[in-house]
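Read the structure below first, then the notes.
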Amino acid sequence: MVVVALGAWVLRALAFFHRAGPMGYPMDYDEGVYFSAASLLLRGDLPYRDFIFVHPPGALLLWAPGAALTLGLDAATAYGVTRYAAVTVGALCVFLAGRIAWRAWGPLAGCVAALAYAAHPEAALVERGTFLEPLLNILCLGFANLWLASEAPSRARRIGAGVLLGLAVSVKIPGGLWLVAALLARPWKESWRDGVMLALVAFATFVVVVGPLAALAPSEFFRDVIAFQALRPSDGEPDRWVRLHDILHERRLGEVVLALVGLGTACVRAFRPPTP
């Protein structure tokens, strides 16, 4: 698993191995926005109150260490270092994805899961910059590693799982879907109290991260994070059949087949009657 993760790091960082270094790789608009917003936060400008930011502020806090390098280095060097940090986050995601599958279905499944994640084009693309997705992925995969333990985890691990889930939602609201999946998964047949505890810890973490900034500009926070996302116009291809065709494009055929096989296997195992 470690070897696959190291290979994933090289695959992502390979785009930076030229004369111009990491800054020679094209910059996406979104990653520039997130890094700049984190830099503004460090300088005392607050999201929602002082500038528009259409997501919860978790990503700004988590990318802040990279943005802090701009206090002592020029912006290009600081951002180049942060791009390598994003690559490292991606490699850790590969390791965590493989570890989940390894514990559930054995070494072969773990290696296949790690390789599929490592080579997935969209994952490799976003894990070269300060996007939301690398942070969201590593937090959710870290949460899953704690929650989907083969044995009943300790109280500390349950709290840790809730903290990671709360941080994930503070990065991007759809991270909350992992709470639904966690409660439906019912690992180690936890009691309803464990599920409630997970939800409460996740909610408390979200409030601690988001609450202070939202409280300073409540109407702006609602406008940027809630209203804008709820009323956001559709982008990309509006036709559903064309979008479905793009999802099932031959470029993604391997991932689609693996996902369907994995989903089918998981469903069969979930609904198989227990052996006496």
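In the structure tokens, each chain is lettered A, B, ... as it comes, each chain's residues begin at 1, and ligands are numbered from 1 in order of appearance.
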
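Residue neighbourhood of Gly142 of chain A, excluding near-sequence residues (fewer than 6 positions): Leu96, Ala161 and Leu164 of chain A, at 8 Å, using only C-alpha atoms.
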
Give me the residues near segment 82-93 of chain A as a list in words, where near means some atom within 8 Å (using only C-alpha atoms) and where sequence neighbours in that chain fewer than 6 positions away do not count.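 Here the answer would be Ala5, Leu6, Ala8, Trp9, Arg12, Ala13, Pro22, Gly66, Ala67, Ala118, Ala123, Ala124, Glu127, Arg128, Gly129, Thr130, Pro134, Leu135, Asn137, Ile138 and Leu141 of chain A.
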
A:Pro212, A:Gly262, A:Gly106, A:Gly160: which is nearest Tyr48 of chain A, counting only C-alpha atoms?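 Comparing A:Pro212, A:Gly262, A:Gly106, A:Gly160 against Tyr48 of chain A, the winner is A:Pro212.
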
Excluding same-chain residues fewer than 5 positions from segment 165-174 of chain A, what lies within 8 Å of it counting only C-alpha atoms, as a list in words? His55, Pro56, Pro57, Gly58, Ala59, Leu132, Leu135, Leu136, Leu139, Cys140, Phe143, Leu179, Val201, Ala202, Phe203, Ala204, Thr205, Phe206, Val209 and Val210 of chain A

Put those residues in a file: C-alpha atoms, as a PDB file, in the first residue's frame.
ATOM      1  CA  HIS A  55     -18.137  27.702   0.787  1.00  0.00           C
ATOM      2  CA  PRO A  56     -17.719  27.129   4.516  1.00  0.00           C
ATOM      3  CA  PRO A  57     -14.351  28.408   5.767  1.00  0.00           C
ATOM      4  CA  GLY A  58     -12.749  25.068   6.636  1.00  0.00           C
ATOM      5  CA  ALA A  59     -10.576  24.990   3.516  1.00  0.00           C
ATOM      6  CA  LEU A 132     -11.375  21.815  -1.859  1.00  0.00           C
ATOM      7  CA  LEU A 135      -9.018  18.268   1.801  1.00  0.00           C
ATOM      8  CA  LEU A 136     -12.525  16.851   1.572  1.00  0.00           C
ATOM      9  CA  LEU A 139     -10.952  14.056   5.840  1.00  0.00           C
ATOM     10  CA  CYS A 140     -13.704  11.712   4.648  1.00  0.00           C
ATOM     11  CA  PHE A 143     -13.213   9.408   9.008  1.00  0.00           C
ATOM     12  CA  LEU A 179     -22.784  10.908   7.906  1.00  0.00           C
ATOM     13  CA  VAL A 201     -19.394  15.597  17.652  1.00  0.00           C
ATOM     14  CA  ALA A 202     -19.492  16.349  13.922  1.00  0.00           C
ATOM     15  CA  PHE A 203     -22.004  19.149  14.482  1.00  0.00           C
ATOM     16  CA  ALA A 204     -19.985  20.609  17.365  1.00  0.00           C
ATOM     17  CA  THR A 205     -16.827  20.586  15.241  1.00  0.00           C
ATOM     18  CA  PHE A 206     -18.654  22.294  12.393  1.00  0.00           C
ATOM     19  CA  VAL A 209     -14.954  26.034  12.804  1.00  0.00           C
ATOM     20  CA  VAL A 210     -17.746  27.882  11.024  1.00  0.00           C
TER      21      VAL A 210
END

All residues 7 Å or closer to Ala114 of chain A, only C-alpha atoms, same chain fewer than 2 positions away omitted, as a list in words: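 Here the qualifying residues turn out to be Val4, Val94, Phe95, Ala97, Gly98, Gly110, Cys111, Val112, Ala116, Tyr117 and Ala118 of chain A.
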
Deliver the residues from the most recent selection as a file, using N, CA, C and O atoms, as a JSON list (two decimals), in the first residue's frame.
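This went into selection02.json:
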[["chain", "number", "residue", "atom", "x", "y", "z"],
["A", 4, "VAL", "N", 2.20, 1.91, -3.46],
["A", 4, "VAL", "CA", 1.21, 2.51, -4.36],
["A", 4, "VAL", "C", 1.04, 3.99, -4.04],
["A", 4, "VAL", "O", 0.95, 4.83, -4.94],
["A", 94, "VAL", "N", -4.72, 8.02, -1.28],
["A", 94, "VAL", "CA", -4.54, 6.71, -1.91],
["A", 94, "VAL", "C", -4.31, 5.64, -0.84],
["A", 94, "VAL", "O", -4.91, 4.56, -0.87],
["A", 95, "PHE", "N", -3.44, 5.94, 0.11],
["A", 95, "PHE", "CA", -3.15, 4.98, 1.18],
["A", 95, "PHE", "C", -4.41, 4.67, 1.99],
["A", 95, "PHE", "O", -4.71, 3.50, 2.29],
["A", 97, "ALA", "N", -7.61, 5.02, 1.13],
["A", 97, "ALA", "CA", -8.61, 4.29, 0.35],
["A", 97, "ALA", "C", -8.24, 2.81, 0.27],
["A", 97, "ALA", "O", -9.10, 1.93, 0.42],
["A", 98, "GLY", "N", -6.97, 2.53, 0.04],
["A", 98, "GLY", "CA", -6.54, 1.14, -0.01],
["A", 98, "GLY", "C", -6.68, 0.45, 1.33],
["A", 98, "GLY", "O", -7.04, -0.74, 1.40],
["A", 110, "GLY", "N", -7.54, -4.20, -1.43],
["A", 110, "GLY", "CA", -6.85, -2.98, -1.01],
["A", 110, "GLY", "C", -5.95, -2.43, -2.09],
["A", 110, "GLY", "O", -5.94, -1.22, -2.36],
["A", 111, "CYS", "N", -5.20, -3.32, -2.74],
["A", 111, "CYS", "CA", -4.31, -2.87, -3.82],
["A", 111, "CYS", "C", -5.10, -2.33, -5.01],
["A", 111, "CYS", "O", -4.72, -1.31, -5.61],
["A", 112, "VAL", "N", -6.19, -3.00, -5.36],
["A", 112, "VAL", "CA", -7.01, -2.53, -6.48],
["A", 112, "VAL", "C", -7.61, -1.17, -6.17],
["A", 112, "VAL", "O", -7.60, -0.26, -7.01],
["A", 116, "ALA", "N", -6.75, 2.14, -8.25],
["A", 116, "ALA", "CA", -7.83, 2.84, -8.95],
["A", 116, "ALA", "C", -7.87, 4.30, -8.56],
["A", 116, "ALA", "O", -8.04, 5.19, -9.40],
["A", 117, "TYR", "N", -7.71, 4.58, -7.27],
["A", 117, "TYR", "CA", -7.71, 5.97, -6.82],
["A", 117, "TYR", "C", -6.47, 6.69, -7.34],
["A", 117, "TYR", "O", -6.55, 7.83, -7.82],
["A", 118, "ALA", "N", -5.32, 6.04, -7.25],
["A", 118, "ALA", "CA", -4.07, 6.68, -7.66],
["A", 118, "ALA", "C", -4.09, 7.11, -9.11],
["A", 118, "ALA", "O", -3.57, 8.17, -9.47]]

In segment 212-256 of chain A, DSSP alpha helix (DSSP H) residues written as a list in words: Pro212, Leu213, Ala214, Ala215, Leu216, Pro218, Ser219, Glu220, Phe221, Phe228, Gln229, Ala230, Arg240, Trp241, Val242, Arg243, Leu244, His245, Asp246, Ile247, Leu253, Gly254, Glu255 and Val256 of chain A

Residues from the last selection, N, CA, C and O atoms, saved as an mmCIF file, in the first residue's frame:
data_model
loop_
_atom_site.group_PDB
_atom_site.id
_atom_site.type_symbol
_atom_site.label_atom_id
_atom_site.label_comp_id
_atom_site.auth_asym_id
_atom_site.auth_seq_id
_atom_site.Cartn_x
_atom_site.Cartn_y
_atom_site.Cartn_z
ATOM 1 N N PRO A 212 -17.780 31.129 14.467
ATOM 2 C CA PRO A 212 -17.251 32.483 14.701
ATOM 3 C C PRO A 212 -17.279 33.372 13.464
ATOM 4 O O PRO A 212 -17.663 34.549 13.549
ATOM 5 N N LEU A 213 -16.886 32.837 12.317
ATOM 6 C CA LEU A 213 -16.872 33.650 11.101
ATOM 7 C C LEU A 213 -18.287 33.928 10.608
ATOM 8 O O LEU A 213 -18.580 35.025 10.121
ATOM 9 N N ALA A 214 -19.171 32.942 10.747
ATOM 10 C CA ALA A 214 -20.557 33.159 10.333
ATOM 11 C C ALA A 214 -21.245 34.172 11.242
ATOM 12 O O ALA A 214 -22.064 34.981 10.786
ATOM 13 N N ALA A 215 -20.900 34.160 12.539
ATOM 14 C CA ALA A 215 -21.538 35.077 13.485
ATOM 15 C C ALA A 215 -21.147 36.527 13.233
ATOM 16 O O ALA A 215 -21.916 37.442 13.535
ATOM 17 N N LEU A 216 -19.963 36.744 12.675
ATOM 18 C CA LEU A 216 -19.517 38.112 12.403
ATOM 19 C C LEU A 216 -20.234 38.733 11.213
ATOM 20 O O LEU A 216 -20.272 39.961 11.083
ATOM 21 N N PRO A 218 -23.605 37.265 9.623
ATOM 22 C CA PRO A 218 -24.596 36.206 9.401
ATOM 23 C C PRO A 218 -25.353 36.325 8.081
ATOM 24 O O PRO A 218 -25.573 35.327 7.398
ATOM 25 N N SER A 219 -25.753 37.530 7.724
ATOM 26 C CA SER A 219 -26.513 37.677 6.479
ATOM 27 C C SER A 219 -25.632 37.397 5.266
ATOM 28 O O SER A 219 -26.075 36.763 4.293
ATOM 29 N N GLU A 220 -24.376 37.846 5.316
ATOM 30 C CA GLU A 220 -23.458 37.584 4.208
ATOM 31 C C GLU A 220 -23.122 36.096 4.115
ATOM 32 O O GLU A 220 -22.993 35.543 3.017
ATOM 33 N N PHE A 221 -22.975 35.441 5.272
ATOM 34 C CA PHE A 221 -22.713 34.003 5.270
ATOM 35 C C PHE A 221 -23.877 33.254 4.627
ATOM 36 O O PHE A 221 -23.674 32.364 3.784
ATOM 37 N N PHE A 228 -26.554 31.273 -2.348
ATOM 38 C CA PHE A 228 -25.866 31.167 -3.639
ATOM 39 C C PHE A 228 -25.835 29.725 -4.134
ATOM 40 O O PHE A 228 -26.125 29.447 -5.295
ATOM 41 N N GLN A 229 -25.478 28.790 -3.245
ATOM 42 C CA GLN A 229 -25.392 27.392 -3.666
ATOM 43 C C GLN A 229 -26.771 26.823 -3.996
ATOM 44 O O GLN A 229 -26.916 26.020 -4.927
ATOM 45 N N ALA A 230 -27.791 27.242 -3.239
ATOM 46 C CA ALA A 230 -29.139 26.726 -3.491
ATOM 47 C C ALA A 230 -29.700 27.229 -4.815
ATOM 48 O O ALA A 230 -30.436 26.509 -5.505
ATOM 49 N N ARG A 240 -29.250 15.487 -19.458
ATOM 50 C CA ARG A 240 -28.903 14.403 -18.535
ATOM 51 C C ARG A 240 -28.299 13.206 -19.256
ATOM 52 O O ARG A 240 -27.391 12.551 -18.743
ATOM 53 N N TRP A 241 -28.813 12.894 -20.445
ATOM 54 C CA TRP A 241 -28.300 11.731 -21.162
ATOM 55 C C TRP A 241 -26.874 11.975 -21.637
ATOM 56 O O TRP A 241 -26.041 11.063 -21.628
ATOM 57 N N VAL A 242 -26.602 13.204 -22.047
ATOM 58 C CA VAL A 242 -25.235 13.529 -22.466
ATOM 59 C C VAL A 242 -24.292 13.457 -21.273
ATOM 60 O O VAL A 242 -23.166 12.960 -21.374
ATOM 61 N N ARG A 243 -24.753 13.939 -20.123
ATOM 62 C CA ARG A 243 -23.928 13.870 -18.914
ATOM 63 C C ARG A 243 -23.679 12.418 -18.511
ATOM 64 O O ARG A 243 -22.579 12.046 -18.100
ATOM 65 N N LEU A 244 -24.727 11.581 -18.619
ATOM 66 C CA LEU A 244 -24.565 10.170 -18.288
ATOM 67 C C LEU A 244 -23.577 9.506 -19.243
ATOM 68 O O LEU A 244 -22.734 8.702 -18.822
ATOM 69 N N HIS A 245 -23.668 9.859 -20.514
ATOM 70 C CA HIS A 245 -22.723 9.310 -21.490
ATOM 71 C C HIS A 245 -21.294 9.729 -21.152
ATOM 72 O O HIS A 245 -20.350 8.942 -21.286
ATOM 73 N N ASP A 246 -21.133 10.968 -20.686
ATOM 74 C CA ASP A 246 -19.797 11.439 -20.330
ATOM 75 C C ASP A 246 -19.262 10.692 -19.109
ATOM 76 O O ASP A 246 -18.078 10.356 -19.038
ATOM 77 N N ILE A 247 -20.155 10.413 -18.149
ATOM 78 C CA ILE A 247 -19.738 9.660 -16.965
ATOM 79 C C ILE A 247 -19.287 8.256 -17.353
ATOM 80 O O ILE A 247 -18.308 7.723 -16.812
ATOM 81 N N LEU A 253 -14.145 3.858 -18.235
ATOM 82 C CA LEU A 253 -14.767 2.540 -18.237
ATOM 83 C C LEU A 253 -14.215 1.658 -17.121
ATOM 84 O O LEU A 253 -14.964 0.959 -16.434
ATOM 85 N N GLY A 254 -12.897 1.685 -16.930
ATOM 86 C CA GLY A 254 -12.302 0.857 -15.883
ATOM 87 C C GLY A 254 -12.822 1.212 -14.512
ATOM 88 O O GLY A 254 -13.198 0.329 -13.724
ATOM 89 N N GLU A 255 -12.880 2.527 -14.209
ATOM 90 C CA GLU A 255 -13.373 2.951 -12.900
ATOM 91 C C GLU A 255 -14.843 2.601 -12.712
ATOM 92 O O GLU A 255 -15.269 2.187 -11.629
ATOM 93 N N VAL A 256 -15.637 2.755 -13.789
ATOM 94 C CA VAL A 256 -17.063 2.446 -13.692
ATOM 95 C C VAL A 256 -17.277 0.962 -13.416
ATOM 96 O O VAL A 256 -18.076 0.574 -12.548
#

Which one of A:Leu40, A:Tyr25, A:Val196, A:Ala64 sits closest to Arg158 of chain A if you count only C-alpha atoms?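 Smallest separation from Arg158 of chain A among the options: A:Val196.
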
Distance criterion (only C-alpha atoms): nearest to Tyr79 of chain A out of A:Ala156, A:Ala113, A:Leu61, A:Met23: A:Met23

Of the residues A:Leu108, A:Met27, A:Ala75, A:Ala199, which is the one nearest to Leu125 of chain A, using only C-alpha atoms? A:Met27
